[in-house]
$ cat my_file_12.cif   # mmCIF, N, CA and C atoms
data_query
loop_
_atom_site.group_PDB
_atom_site.id
_atom_site.type_symbol
_atom_site.label_atom_id
_atom_site.label_comp_id
_atom_site.auth_asym_id
_atom_site.auth_seq_id
_atom_site.Cartn_x
_atom_site.Cartn_y
_atom_site.Cartn_z
ATOM 1 N N MET X 30 167.281 30.454 206.167
ATOM 2 C CA MET X 30 167.007 31.858 206.416
ATOM 3 C C MET X 30 165.627 31.999 207.049
ATOM 4 N N ASP X 31 165.546 32.726 208.128
ATOM 5 C CA ASP X 31 164.283 32.996 208.796
ATOM 6 C C ASP X 31 163.733 34.312 208.257
ATOM 7 N N PRO X 32 162.630 34.280 207.494
ATOM 8 C CA PRO X 32 162.122 35.504 206.875
ATOM 9 C C PRO X 32 161.639 36.532 207.880
ATOM 10 N N PHE X 33 161.374 36.121 209.115
ATOM 11 C CA PHE X 33 160.891 37.064 210.106
ATOM 12 C C PHE X 33 162.030 37.809 210.788
ATOM 13 N N ASN X 34 163.250 37.352 210.595
ATOM 14 C CA ASN X 34 164.394 38.015 211.213
ATOM 15 C C ASN X 34 165.292 38.722 210.219
ATOM 16 N N SER X 35 165.074 38.533 208.932
ATOM 17 C CA SER X 35 165.899 39.248 207.961
ATOM 18 C C SER X 35 165.024 40.325 207.325
ATOM 19 N N PHE X 36 165.202 41.527 207.777
ATOM 20 C CA PHE X 36 164.329 42.641 207.454
ATOM 21 C C PHE X 36 165.021 43.591 206.490
ATOM 22 N N ARG X 37 164.329 43.937 205.438
ATOM 23 C CA ARG X 37 164.782 44.983 204.512
ATOM 24 C C ARG X 37 163.667 46.003 204.428
ATOM 25 N N ASP X 38 164.026 47.206 204.216
ATOM 26 C CA ASP X 38 163.041 48.276 204.228
ATOM 27 C C ASP X 38 162.481 48.536 202.831
ATOM 28 N N TYR X 39 161.761 47.555 202.277
ATOM 29 C CA TYR X 39 161.105 47.747 200.992
ATOM 30 C C TYR X 39 159.788 48.464 201.223
ATOM 31 N N PRO X 40 159.490 49.471 200.423
ATOM 32 C CA PRO X 40 158.189 50.135 200.579
ATOM 33 C C PRO X 40 157.076 49.209 200.093
ATOM 34 N N ILE X 41 155.915 49.349 200.687
ATOM 35 C CA ILE X 41 154.754 48.579 200.239
ATOM 36 C C ILE X 41 154.126 49.356 199.093
ATOM 37 N N LEU X 42 154.112 48.738 197.940
ATOM 38 C CA LEU X 42 153.573 49.382 196.748
ATOM 39 C C LEU X 42 152.051 49.383 196.786
ATOM 40 N N PRO X 43 151.428 50.430 196.245
ATOM 41 C CA PRO X 43 149.970 50.527 196.299
ATOM 42 C C PRO X 43 149.249 49.300 195.742
ATOM 43 N N GLY X 44 149.751 48.732 194.692
ATOM 44 C CA GLY X 44 149.115 47.559 194.105
ATOM 45 C C GLY X 44 149.236 46.310 194.958
ATOM 46 N N HIS X 45 150.136 46.314 195.917
ATOM 47 C CA HIS X 45 150.350 45.144 196.761
ATOM 48 C C HIS X 45 149.572 45.198 198.073
ATOM 49 N N VAL X 46 149.014 46.354 198.393
ATOM 50 C CA VAL X 46 148.242 46.484 199.634
ATOM 51 C C VAL X 46 147.089 45.484 199.644
ATOM 52 N N ALA X 47 146.411 45.326 198.525
ATOM 53 C CA ALA X 47 145.280 44.390 198.445
ATOM 54 C C ALA X 47 145.741 42.953 198.679
ATOM 55 N N ILE X 48 146.925 42.611 198.211
ATOM 56 C CA ILE X 48 147.465 41.263 198.424
ATOM 57 C C ILE X 48 147.699 41.036 199.914
ATOM 58 N N LEU X 49 148.343 41.988 200.566
ATOM 59 C CA LEU X 49 148.614 41.871 201.998
ATOM 60 C C LEU X 49 147.316 41.813 202.789
ATOM 61 N N GLU X 50 146.362 42.631 202.396
ATOM 62 C CA GLU X 50 145.068 42.636 203.087
ATOM 63 C C GLU X 50 144.353 41.297 202.925
ATOM 64 N N GLY X 51 144.421 40.726 201.726
ATOM 65 C CA GLY X 51 143.793 39.432 201.492
ATOM 66 C C GLY X 51 144.382 38.332 202.357
ATOM 67 N N VAL X 52 145.691 38.319 202.477
ATOM 68 C CA VAL X 52 146.357 37.322 203.326
ATOM 69 C C VAL X 52 145.954 37.543 204.782
ATOM 70 N N LEU X 53 145.915 38.789 205.215
ATOM 71 C CA LEU X 53 145.533 39.091 206.591
ATOM 72 C C LEU X 53 144.100 38.658 206.878
ATOM 73 N N VAL X 54 143.174 39.016 206.007
ATOM 74 C CA VAL X 54 141.764 38.656 206.216
ATOM 75 C C VAL X 54 141.608 37.144 206.306
ATOM 76 N N ARG X 55 142.271 36.441 205.420
ATOM 77 C CA ARG X 55 142.198 34.970 205.433
ATOM 78 C C ARG X 55 142.745 34.408 206.750
ATOM 79 N N ALA X 56 143.859 34.947 207.210
ATOM 80 C CA ALA X 56 144.461 34.478 208.463
ATOM 81 C C ALA X 56 143.567 34.803 209.662
ATOM 82 N N LEU X 57 142.961 35.986 209.652
ATOM 83 C CA LEU X 57 142.068 36.358 210.741
ATOM 84 C C LEU X 57 140.850 35.441 210.788
ATOM 85 N N GLU X 58 140.284 35.157 209.618
ATOM 86 C CA GLU X 58 139.116 34.281 209.565
ATOM 87 C C GLU X 58 139.457 32.875 210.041
ATOM 88 N N GLU X 59 140.590 32.348 209.584
ATOM 89 C CA GLU X 59 140.979 30.997 209.968
ATOM 90 C C GLU X 59 141.202 30.884 211.475
ATOM 91 N N ARG X 60 141.718 31.934 212.070
ATOM 92 C CA ARG X 60 142.030 31.903 213.504
ATOM 93 C C ARG X 60 140.933 32.510 214.368
ATOM 94 N N ASN X 61 139.860 32.945 213.706
ATOM 95 C CA ASN X 61 138.728 33.545 214.410
ATOM 96 C C ASN X 61 139.178 34.723 215.280
ATOM 97 N N LEU X 62 139.979 35.600 214.682
ATOM 98 C CA LEU X 62 140.487 36.783 215.368
ATOM 99 C C LEU X 62 139.818 38.025 214.805
ATOM 100 N N SER X 63 139.737 39.046 215.623
ATOM 101 C CA SER X 63 139.192 40.308 215.134
ATOM 102 C C SER X 63 140.327 41.311 214.950
ATOM 103 N N ILE X 64 140.128 42.190 213.989
ATOM 104 C CA ILE X 64 141.115 43.217 213.715
ATOM 105 C C ILE X 64 141.239 44.085 214.967
ATOM 106 N N GLY X 65 142.417 44.479 215.299
ATOM 107 C CA GLY X 65 142.637 45.292 216.481
ATOM 108 C C GLY X 65 143.096 44.495 217.697
ATOM 109 N N SER X 66 142.960 43.177 217.625
ATOM 110 C CA SER X 66 143.445 42.359 218.741
ATOM 111 C C SER X 66 144.968 42.279 218.675
ATOM 112 N N GLU X 67 145.585 41.930 219.791
ATOM 113 C CA GLU X 67 147.045 41.805 219.828
ATOM 114 C C GLU X 67 147.516 40.741 218.836
ATOM 115 N N GLU X 68 146.784 39.644 218.734
ATOM 116 C CA GLU X 68 147.151 38.572 217.803
ATOM 117 C C GLU X 68 147.086 39.060 216.355
ATOM 118 N N ALA X 69 146.063 39.862 216.042
ATOM 119 C CA ALA X 69 145.940 40.418 214.692
ATOM 120 C C ALA X 69 147.103 41.361 214.401
ATOM 121 N N ASP X 70 147.474 42.170 215.373
ATOM 122 C CA ASP X 70 148.609 43.085 215.193
ATOM 123 C C ASP X 70 149.891 42.308 214.920
ATOM 124 N N GLN X 71 150.085 41.201 215.618
ATOM 125 C CA GLN X 71 151.259 40.368 215.379
ATOM 126 C C GLN X 71 151.242 39.783 213.971
ATOM 127 N N LEU X 72 150.069 39.357 213.511
ATOM 128 C CA LEU X 72 149.954 38.835 212.150
ATOM 129 C C LEU X 72 150.299 39.904 211.124
ATOM 130 N N VAL X 73 149.797 41.100 211.331
ATOM 131 C CA VAL X 73 150.095 42.207 210.408
ATOM 132 C C VAL X 73 151.600 42.425 210.321
ATOM 133 N N ARG X 74 152.251 42.470 211.467
ATOM 134 C CA ARG X 74 153.706 42.686 211.468
ATOM 135 C C ARG X 74 154.430 41.568 210.725
ATOM 136 N N ARG X 75 154.007 40.334 210.916
ATOM 137 C CA ARG X 75 154.652 39.209 210.238
ATOM 138 C C ARG X 75 154.406 39.242 208.737
ATOM 139 N N ILE X 76 153.203 39.580 208.335
ATOM 140 C CA ILE X 76 152.889 39.667 206.907
ATOM 141 C C ILE X 76 153.714 40.763 206.246
ATOM 142 N N VAL X 77 153.814 41.905 206.888
ATOM 143 C CA VAL X 77 154.606 43.009 206.334
ATOM 144 C C VAL X 77 156.081 42.620 206.266
ATOM 145 N N LYS X 78 156.584 41.943 207.287
ATOM 146 C CA LYS X 78 157.986 41.507 207.255
ATOM 147 C C LYS X 78 158.227 40.532 206.113
ATOM 148 N N LEU X 79 157.291 39.620 205.885
ATOM 149 C CA LEU X 79 157.434 38.710 204.749
ATOM 150 C C LEU X 79 157.530 39.500 203.455
ATOM 151 N N TYR X 80 156.640 40.451 203.288
ATOM 152 C CA TYR X 80 156.646 41.295 202.089
ATOM 153 C C TYR X 80 157.980 42.021 201.957
ATOM 154 N N GLN X 81 158.449 42.573 203.045
ATOM 155 C CA GLN X 81 159.676 43.357 203.000
ATOM 156 C C GLN X 81 160.922 42.497 202.810
ATOM 157 N N THR X 82 160.811 41.196 203.019
ATOM 158 C CA THR X 82 161.944 40.319 202.739
ATOM 159 C C THR X 82 161.870 39.745 201.336
ATOM 160 N N GLY X 83 160.852 40.161 200.578
ATOM 161 C CA GLY X 83 160.782 39.771 199.175
ATOM 162 C C GLY X 83 159.707 38.770 198.826
ATOM 163 N N VAL X 84 158.920 38.316 199.786
ATOM 164 C CA VAL X 84 157.832 37.377 199.492
ATOM 165 C C VAL X 84 156.671 38.197 198.949
ATOM 166 N N ARG X 85 156.342 38.007 197.675
ATOM 167 C CA ARG X 85 155.285 38.785 197.026
ATOM 168 C C ARG X 85 154.102 37.930 196.578
ATOM 169 N N GLU X 86 154.293 36.633 196.464
ATOM 170 C CA GLU X 86 153.254 35.733 195.975
ATOM 171 C C GLU X 86 152.302 35.398 197.125
ATOM 172 N N PRO X 87 151.003 35.725 196.979
ATOM 173 C CA PRO X 87 150.065 35.516 198.084
ATOM 174 C C PRO X 87 149.998 34.073 198.585
ATOM 175 N N GLY X 88 150.054 33.107 197.688
ATOM 176 C CA GLY X 88 150.005 31.711 198.104
ATOM 177 C C GLY X 88 151.190 31.326 198.967
ATOM 178 N N ARG X 89 152.356 31.768 198.577
ATOM 179 C CA ARG X 89 153.561 31.475 199.365
ATOM 180 C C ARG X 89 153.502 32.182 200.720
ATOM 181 N N MET X 90 153.061 33.437 200.688
ATOM 182 C CA MET X 90 152.935 34.202 201.923
ATOM 183 C C MET X 90 151.945 33.508 202.868
ATOM 184 N N TRP X 91 150.837 33.063 202.306
ATOM 185 C CA TRP X 91 149.812 32.380 203.109
ATOM 186 C C TRP X 91 150.373 31.116 203.758
ATOM 187 N N GLU X 92 151.096 30.334 202.992
ATOM 188 C CA GLU X 92 151.668 29.102 203.547
ATOM 189 C C GLU X 92 152.658 29.408 204.663
ATOM 190 N N MET X 93 153.425 30.462 204.514
ATOM 191 C CA MET X 93 154.397 30.820 205.542
ATOM 192 C C MET X 93 153.687 31.346 206.791
ATOM 193 N N ILE X 94 152.612 32.083 206.635
ATOM 194 C CA ILE X 94 151.857 32.594 207.768
ATOM 195 C C ILE X 94 151.145 31.474 208.500
ATOM 196 N N ARG X 95 150.661 30.487 207.771
ATOM 197 C CA ARG X 95 149.917 29.384 208.398
ATOM 198 C C ARG X 95 150.785 28.553 209.329
ATOM 199 N N THR X 96 152.085 28.563 209.121
ATOM 200 C CA THR X 96 152.962 27.726 209.921
ATOM 201 C C THR X 96 153.375 28.363 211.241
ATOM 202 N N ILE X 97 152.954 29.608 211.466
ATOM 203 C CA ILE X 97 153.340 30.267 212.723
ATOM 204 C C ILE X 97 152.154 30.397 213.642
#
$ encode --input "my_file_12.cif" --output "structure tokens"
Amino acid sequence: MDPFNSFRDYPILPGHVAILEGVLVRALEERNLSIGSEEADQLVRRIVKLYQTGVREPGRMWEMIRTI
């Protein structure tokens, strides 16, 4: 199953925003990207899709993001 192609419309819960933000910040730092760049926007979309497909654990999400 490709988590980036199987999309479900799960709402992002307020308590999970910090988790998503943490994964994003880490990915931006590792790739030396700034927020607002096209690459950063793509990362945001991928992180949200992971969340919406049921990936909630930050470590797992991070490992999946690092491979793309």
$ atom_distance --input "my_file_12.cif" --atom1 "atom C of Val73 (chain X)" --atom2 "CA of Arg95 (chain X)"
13.3 Å
$ closest_residue --input "my_file_12.cif" --among "X:Trp91, X:Arg85, X:Leu42, X:Leu53" --to "Leu72 (chain X)" --atoms "all atoms listed in the file"
X:Leu53
$ atom_distance --input "my_file_12.cif" --atom1 "CA of Glu68 (chain X)" --atom2 "CA of Gly88 (chain X)"
21.1 Å
$ select_by_dssp --input "my_file_12.cif" --residues "chain X" --states "helix (DSSP H, G or I)" --output "ChimeraX atom specification"
/X:43-60,67-81,87-95
$ residues_around --input "my_file_12.cif" --residues "Ile94 (chain X)" --least-positions-apart "6" --cutoff "9 Å" --atoms "only C-alpha atoms" --output "count of residues only"
6
$ atom_distance --input "my_file_12.cif" --atom1 "atom C of Glu86 (chain X)" --atom2 "atom N of Val54 (chain X)"
13.2 Å
$ resolve_selection --input "my_file_12.cif" --expression "the PyMOL selection byres (((chain X and resi 41 and name CA) around 12) and name CA)" --output "list of chain:residue names"
X:Arg37, X:Asp38, X:Tyr39, X:Pro40, X:Leu42, X:Pro43, X:Gly44, X:His45, X:Val46, X:Ala47, X:Ile48, X:Leu49, X:Glu50, X:Ile76, X:Val77, X:Lys78, X:Leu79, X:Tyr80, X:Gln81, X:Thr82, X:Gly83, X:Val84, X:Arg85
$ axis_aligned_box --input "my_file_12.cif" --around "region 56-67 of chain X" --padding-each-side "8 Å" --output "AutoDock Vina command-line options"
--center_x 143.1 --center_y 38.1 --center_z 213.5 --size_x 24.8 --size_y 30.4 --size_z 28.6
$ decode --input "my_file_12.cif" --residues "region 66-96 of chain X" --atoms "N, CA and C atoms" --output "mmCIF file, in the first residue's frame"
data_model
loop_
_atom_site.group_PDB
_atom_site.id
_atom_site.type_symbol
_atom_site.label_atom_id
_atom_site.label_comp_id
_atom_site.auth_asym_id
_atom_site.auth_seq_id
_atom_site.Cartn_x
_atom_site.Cartn_y
_atom_site.Cartn_z
ATOM 1 N N SER X 66 8.697 27.496 0.553
ATOM 2 C CA SER X 66 9.251 27.042 -0.726
ATOM 3 C C SER X 66 8.353 25.945 -1.295
ATOM 4 N N GLU X 67 8.470 25.706 -2.590
ATOM 5 C CA GLU X 67 7.668 24.659 -3.231
ATOM 6 C C GLU X 67 7.973 23.296 -2.607
ATOM 7 N N GLU X 68 9.234 23.038 -2.305
ATOM 8 C CA GLU X 68 9.622 21.761 -1.695
ATOM 9 C C GLU X 68 8.987 21.602 -0.313
ATOM 10 N N ALA X 69 8.949 22.696 0.455
ATOM 11 C CA ALA X 69 8.320 22.654 1.777
ATOM 12 C C ALA X 69 6.825 22.382 1.644
ATOM 13 N N ASP X 70 6.188 23.008 0.674
ATOM 14 C CA ASP X 70 4.756 22.776 0.449
ATOM 15 C C ASP X 70 4.491 21.314 0.110
ATOM 16 N N GLN X 71 5.355 20.717 -0.693
ATOM 17 C CA GLN X 71 5.208 19.303 -1.024
ATOM 18 C C GLN X 71 5.363 18.428 0.216
ATOM 19 N N LEU X 72 6.316 18.773 1.078
ATOM 20 C CA LEU X 72 6.495 18.022 2.320
ATOM 21 C C LEU X 72 5.257 18.116 3.199
ATOM 22 N N VAL X 73 4.706 19.304 3.313
ATOM 23 C CA VAL X 73 3.490 19.491 4.121
ATOM 24 C C VAL X 73 2.375 18.592 3.603
ATOM 25 N N ARG X 74 2.179 18.597 2.299
ATOM 26 C CA ARG X 74 1.115 17.762 1.722
ATOM 27 C C ARG X 74 1.356 16.284 2.009
ATOM 28 N N ARG X 75 2.591 15.835 1.909
ATOM 29 C CA ARG X 75 2.899 14.428 2.170
ATOM 30 C C ARG X 75 2.710 14.076 3.638
ATOM 31 N N ILE X 76 3.115 14.957 4.522
ATOM 32 C CA ILE X 76 2.943 14.711 5.955
ATOM 33 C C ILE X 76 1.464 14.632 6.309
ATOM 34 N N VAL X 77 0.674 15.537 5.778
ATOM 35 C CA VAL X 77 -0.769 15.524 6.047
ATOM 36 C C VAL X 77 -1.402 14.258 5.475
ATOM 37 N N LYS X 78 -0.987 13.848 4.286
ATOM 38 C CA LYS X 78 -1.532 12.614 3.707
ATOM 39 C C LYS X 78 -1.185 11.409 4.567
ATOM 40 N N LEU X 79 0.036 11.362 5.083
ATOM 41 C CA LEU X 79 0.397 10.268 5.983
ATOM 42 C C LEU X 79 -0.533 10.251 7.185
ATOM 43 N N TYR X 80 -0.735 11.405 7.778
ATOM 44 C CA TYR X 80 -1.631 11.518 8.933
ATOM 45 C C TYR X 80 -3.034 11.047 8.567
ATOM 46 N N GLN X 81 -3.512 11.482 7.432
ATOM 47 C CA GLN X 81 -4.874 11.152 7.036
ATOM 48 C C GLN X 81 -5.036 9.690 6.629
ATOM 49 N N THR X 82 -3.939 8.996 6.379
ATOM 50 C CA THR X 82 -4.037 7.566 6.099
ATOM 51 C C THR X 82 -3.852 6.739 7.358
ATOM 52 N N GLY X 83 -3.696 7.419 8.497
ATOM 53 C CA GLY X 83 -3.654 6.709 9.769
ATOM 54 C C GLY X 83 -2.303 6.655 10.444
ATOM 55 N N VAL X 84 -1.271 7.232 9.856
ATOM 56 C CA VAL X 84 0.051 7.247 10.491
ATOM 57 C C VAL X 84 0.036 8.362 11.526
ATOM 58 N N ARG X 85 0.115 8.001 12.804
ATOM 59 C CA ARG X 85 0.044 8.982 13.888
ATOM 60 C C ARG X 85 1.330 9.059 14.709
ATOM 61 N N GLU X 86 2.168 8.048 14.629
ATOM 62 C CA GLU X 86 3.389 7.984 15.425
ATOM 63 C C GLU X 86 4.475 8.818 14.741
ATOM 64 N N PRO X 87 5.001 9.849 15.431
ATOM 65 C CA PRO X 87 5.973 10.739 14.792
ATOM 66 C C PRO X 87 7.211 10.027 14.247
ATOM 67 N N GLY X 88 7.719 9.040 14.961
ATOM 68 C CA GLY X 88 8.892 8.316 14.489
ATOM 69 C C GLY X 88 8.631 7.582 13.190
ATOM 70 N N ARG X 89 7.492 6.947 13.103
ATOM 71 C CA ARG X 89 7.133 6.232 11.872
ATOM 72 C C ARG X 89 6.921 7.217 10.721
ATOM 73 N N MET X 90 6.238 8.316 11.032
ATOM 74 C CA MET X 90 5.997 9.341 10.023
ATOM 75 C C MET X 90 7.335 9.894 9.513
ATOM 76 N N TRP X 91 8.239 10.146 10.440
ATOM 77 C CA TRP X 91 9.560 10.678 10.072
ATOM 78 C C TRP X 91 10.305 9.714 9.151
ATOM 79 N N GLU X 92 10.287 8.447 9.488
ATOM 80 C CA GLU X 92 10.981 7.463 8.650
ATOM 81 C C GLU X 92 10.372 7.399 7.255
ATOM 82 N N MET X 93 9.068 7.516 7.164
ATOM 83 C CA MET X 93 8.412 7.466 5.861
ATOM 84 C C MET X 93 8.718 8.732 5.058
ATOM 85 N N ILE X 94 8.793 9.875 5.699
ATOM 86 C CA ILE X 94 9.113 11.120 5.019
ATOM 87 C C ILE X 94 10.555 11.134 4.554
ATOM 88 N N ARG X 95 11.448 10.555 5.333
ATOM 89 C CA ARG X 95 12.875 10.563 4.977
ATOM 90 C C ARG X 95 13.162 9.776 3.709
ATOM 91 N N THR X 96 12.304 8.836 3.368
ATOM 92 C CA THR X 96 12.563 7.992 2.214
ATOM 93 C C THR X 96 12.103 8.604 0.898
#
